[in-house]
Amino acid sequence: MKRIWVVPFFVLAASWLVIGTSFAAEEKGIVAPVEEMTIQGEKKSARFSHPVHLNLGVSCGQCHHDSEHQPLTDKDIAAMENSQQLRCASCHNEDFDKQELQTPKEAFHARCKECHKQGVNGMKGPTKCTDCHVK
Ligand code: HEC
Ligand code: HEC
Ligand code: HEC
Ligand code: HEC
C-alpha cells in the first residue's frame with residue numbers, strides 16, 4: 001500500500017521543479033551580458049565588460065537611462081521587450097537635443113572616460129586610448 005504514495009510524490013516534486021525553474025527564467029528577463037562586449041564605432045571600437053564594472057558596486061542606472069534621463073534599474077531593464085533601446089546611439093545620434101552629446105564618441109567619452117578619471121568608490125579606471133580601444 002505504501003508504494004502508491006511514493007510514485008505520486010516524485011511526480012509532483014518533479015513537476016514543481018520544472019514549473020519553478022521556468023518561472024525563475026521568465027522573471028529574470030533581460031540581464032547584463034556576462035561576456036566582454038565590443039562597442040563598434042565607425043572607425044574605432046572599444047571593449048567593455050559588465051562584470052568588471054558591476055563588481056565596483058555601481059548600479060545599472062549609472063550608465064543606462066531613459067529618454068527623460070532617469071536612471072534605469074535592473075528591474076526596468078529586465079522588463080524590457082528587447083535590449084535595443086539600451087543602445088546609447090539609439091538616442092545619442094544626430095537628432096539628439098544637446099549638440100555636444102550627439103556622437104557616440106561624445107556620449108561614451110563623457111560617461112566612460114570621465115568616471116575613469118574621477119574614480120568611483122575609491123577606484124580609478126584606465127585612461128590611455130588603447131586601454132579601451134582595441135583598434
Ligand atoms: C574609458 C574608455 C575610453 C578611452 C580611455 C578612450 N575612449 Fe575613445 N571611445 C570610447 C568608446 C566606448 C567609444 C564608442 C565606441 C567607438 O566608436 O569605438 C569611443 C569612441 C571614440 C572615437 C569615435 C570612433 C568612431 O569610429 O566613431 C574616437 C575617434 C575616439 N574614441 C578616440 C579616442 C582617443 C584618441 C582616445 C585617447 C586620447 C580615446 N578615445 C580614449 C571609449 C574610450
Ligand atoms: C559602467 C556602465 C554600465 C553599467 C553599470 C551597466 N551597463 Fe549595460 N551596457 C553598457 C554599455 C556601454 C552597453 C553597450 C551600449 C551600446 O552598445 O550602445 C551596455 C549594454 C547592455 C545590454 C545589451 C544591449 C545590447 O546591445 O543588446 C544589456 C542587456 C545591459 N547593458 C544590461 C545592463 C544591466 C541589467 C545592468 C545593471 C545590472 C547594466 N547593464 C549596467 C554600460 C553599462
Ligand atoms: C532613451 C534615450 C537615451 C539612451 C538610450 C541613452 N541616453 Fe544618454 N541621455 C539621454 C537624455 C535625454 C539625456 C539628458 C540630456 C540633457 O541634459 O538635456 C542624456 C544625457 C547623457 C549624458 C550627459 C549627462 C550625464 O548623465 O552625464 C551622458 C554622458 C550620456 N547621456 C551618455 C549615455 C550613454 C553612455 C548611454 C548608453 C549606455 C546613453 N547615454 C543612453 C537619453 C538617452
Ligand atoms: C562608474 C565609473 C565607470 C564608468 C561609468 C565606466 N568605467 Fe570602466 N572602469 C572603472 C574602474 C574603476 C575600472 C578599474 C576596475 C579594476 O581595475 O578592477 C574600470 C576598468 C575598465 C577597463 C579595464 C578592465 C577591463 O575590462 O579589462 C575597461 C576596458 C573599461 N573600464 C572600459 C569602460 C568603458 C568602455 C566604459 C563606458 C562604456 C566604462 N569603462 C565606464 C570605472 C568606470
# chains A, B, ... in the order shown; residues from 1 in each chain; ligands from 1
>>> closest_atom_pairs(of="chain A", to="ligand 3", cutoff="6 Å", atoms="only C-alpha atoms and all ligand atoms", output="Markdown table")
| residue | atom | partner | partner_atom_place_in_ligand_line | distance |
| --- | --- | --- | --- | --- |
| A:Cys63 | CA | ligand 3 | 38 (C) | 4.9 |
| A:His64 | CA | ligand 3 | 38 (C) | 4.8 |
| A:His65 | CA | ligand 3 | 6 (C) | 5.6 |
| A:Asp66 | CA | ligand 3 | 1 (C) | 4.1 |
| A:Ser67 | CA | ligand 3 | 1 (C) | 3.6 |
| A:Glu68 | CA | ligand 3 | 12 (C) | 4.8 |
| A:His69 | CA | ligand 3 | 11 (C) | 4.4 |
| A:Gln85 | CA | ligand 3 | 5 (C) | 5.4 |
| A:Leu86 | CA | ligand 3 | 5 (C) | 4.7 |
| A:Arg87 | CA | ligand 3 | 5 (C) | 5.2 |
| A:Cys88 | CA | ligand 3 | 37 (C) | 3.4 |
| A:Ser90 | CA | ligand 3 | 5 (C) | 5.5 |
| A:Cys91 | CA | ligand 3 | 2 (C) | 4.3 |
| A:Lys98 | CA | ligand 3 | 18 (O) | 5.8 |
| A:Ala107 | CA | ligand 3 | 32 (C) | 4.4 |
| A:Phe108 | CA | ligand 3 | 35 (C) | 4.6 |
| A:Ala110 | CA | ligand 3 | 29 (C) | 4.4 |
| A:Arg111 | CA | ligand 3 | 29 (C) | 4.4 |
>>> residues_near_ligand(ligand="ligand 2", cutoff="9 Å", atoms="only C-alpha atoms and all ligand atoms", output="PyMOL selection string")
chain A and resi 30-33+37-40+48-54+56-64+72-78+82-90+104+108+111-112+115
>>> write_last_selection(atoms="C-alpha atoms", output="CSV table (one decimal), in the first residue's frame")
chain,number,residue,atom,x,y,z
A,30,ILE,CA,16.9,40.9,-19.8
A,31,VAL,CA,20.1,40.8,-17.8
A,32,ALA,CA,23.6,42.3,-18.2
A,33,PRO,CA,25.7,40.4,-20.6
A,37,MET,CA,31.5,43.2,-25.5
A,38,THR,CA,32.9,45.2,-28.3
A,39,ILE,CA,31.3,48.6,-28.9
A,40,GLN,CA,31.5,49.3,-32.6
A,48,PHE,CA,33.6,46.9,-22.3
A,49,SER,CA,32.9,44.3,-19.6
A,50,HIS,CA,29.8,44.4,-17.4
A,51,PRO,CA,31.1,42.1,-14.7
A,52,VAL,CA,34.3,44.3,-14.2
A,53,HIS,CA,32.0,47.3,-13.7
A,54,LEU,CA,29.3,45.7,-11.7
A,56,LEU,CA,32.8,48.0,-8.5
A,57,GLY,CA,29.3,48.2,-6.9
A,58,VAL,CA,27.8,50.6,-9.5
A,59,SER,CA,24.1,50.2,-10.5
A,60,CYS,CA,22.7,49.9,-14.0
A,61,GLY,CA,21.4,53.5,-13.8
A,62,GLN,CA,24.9,54.8,-13.5
A,63,CYS,CA,25.2,54.2,-17.3
A,64,HIS,CA,21.7,53.3,-18.5
A,72,LEU,CA,17.1,52.6,-15.3
A,73,THR,CA,17.1,49.9,-12.6
A,74,ASP,CA,17.9,46.2,-13.2
A,75,LYS,CA,14.1,45.7,-12.8
A,76,ASP,CA,13.3,48.3,-15.5
A,77,ILE,CA,15.8,46.5,-17.8
A,78,ALA,CA,14.6,43.0,-17.0
A,82,ASN,CA,14.3,43.9,-26.2
A,83,SER,CA,17.6,45.5,-25.4
A,84,GLN,CA,17.8,47.7,-28.5
A,85,GLN,CA,16.6,50.7,-26.5
A,86,LEU,CA,19.6,50.4,-24.2
A,87,ARG,CA,22.0,51.2,-27.1
A,88,CYS,CA,23.4,54.6,-26.5
A,89,ALA,CA,23.3,55.6,-30.1
A,90,SER,CA,19.5,54.9,-30.3
A,104,PRO,CA,28.9,58.1,-29.7
A,108,PHE,CA,30.8,57.5,-24.4
A,111,ARG,CA,30.5,58.6,-19.4
A,112,CYS,CA,33.4,56.2,-19.6
A,115,CYS,CA,34.4,58.1,-14.5
>>> closest_residue(among="A:Glu36, A:Lys113, A:Thr103, A:Gly29", to="Glu81 of chain A", atoms="only C-alpha atoms")
A:Gly29
>>> select_by_dssp(residues="segment 19-121 of chain A", states="strand (DSSP E)", output="PyMOL selection string")
chain A and resi 37-40+45-48
>>> write_last_selection(atoms="C-alpha atoms", output="PDB file, in the first residue's frame")
ATOM      1  CA  MET A  37      31.467  43.241 -25.465  1.00  0.00           C
ATOM      2  CA  THR A  38      32.890  45.247 -28.337  1.00  0.00           C
ATOM      3  CA  ILE A  39      31.262  48.625 -28.870  1.00  0.00           C
ATOM      4  CA  GLN A  40      31.539  49.259 -32.567  1.00  0.00           C
ATOM      5  CA  SER A  45      35.837  50.072 -31.495  1.00  0.00           C
ATOM      6  CA  ALA A  46      36.149  49.782 -27.730  1.00  0.00           C
ATOM      7  CA  ARG A  47      35.852  46.933 -25.274  1.00  0.00           C
ATOM      8  CA  PHE A  48      33.567  46.885 -22.275  1.00  0.00           C
TER       9      PHE A  48
END
>>> closest_residue(among="A:Asp131, A:Glu35, A:Glu94, A:Glu42", to="His116 of chain A", atoms="only C-alpha atoms")
A:Asp131
>>> closest_residue(among="A:Gln70, A:Thr127, A:Asn93, A:Gln99", to="ligand 4", atoms="only C-alpha atoms and all ligand atoms")
A:Thr127
>>> select_by_dssp(residues="chain A", states="helix (DSSP H, G or I)", output="PyMOL selection string")
chain A and resi 3-28+50-54+60-62+74-78+83-86+88-90+99-101+104-118+129-132
>>> closest_residue(among="A:Val134, A:Pro126, A:Gly41, A:Asp97", to="ligand 4", atoms="only C-alpha atoms and all ligand atoms")
A:Pro126
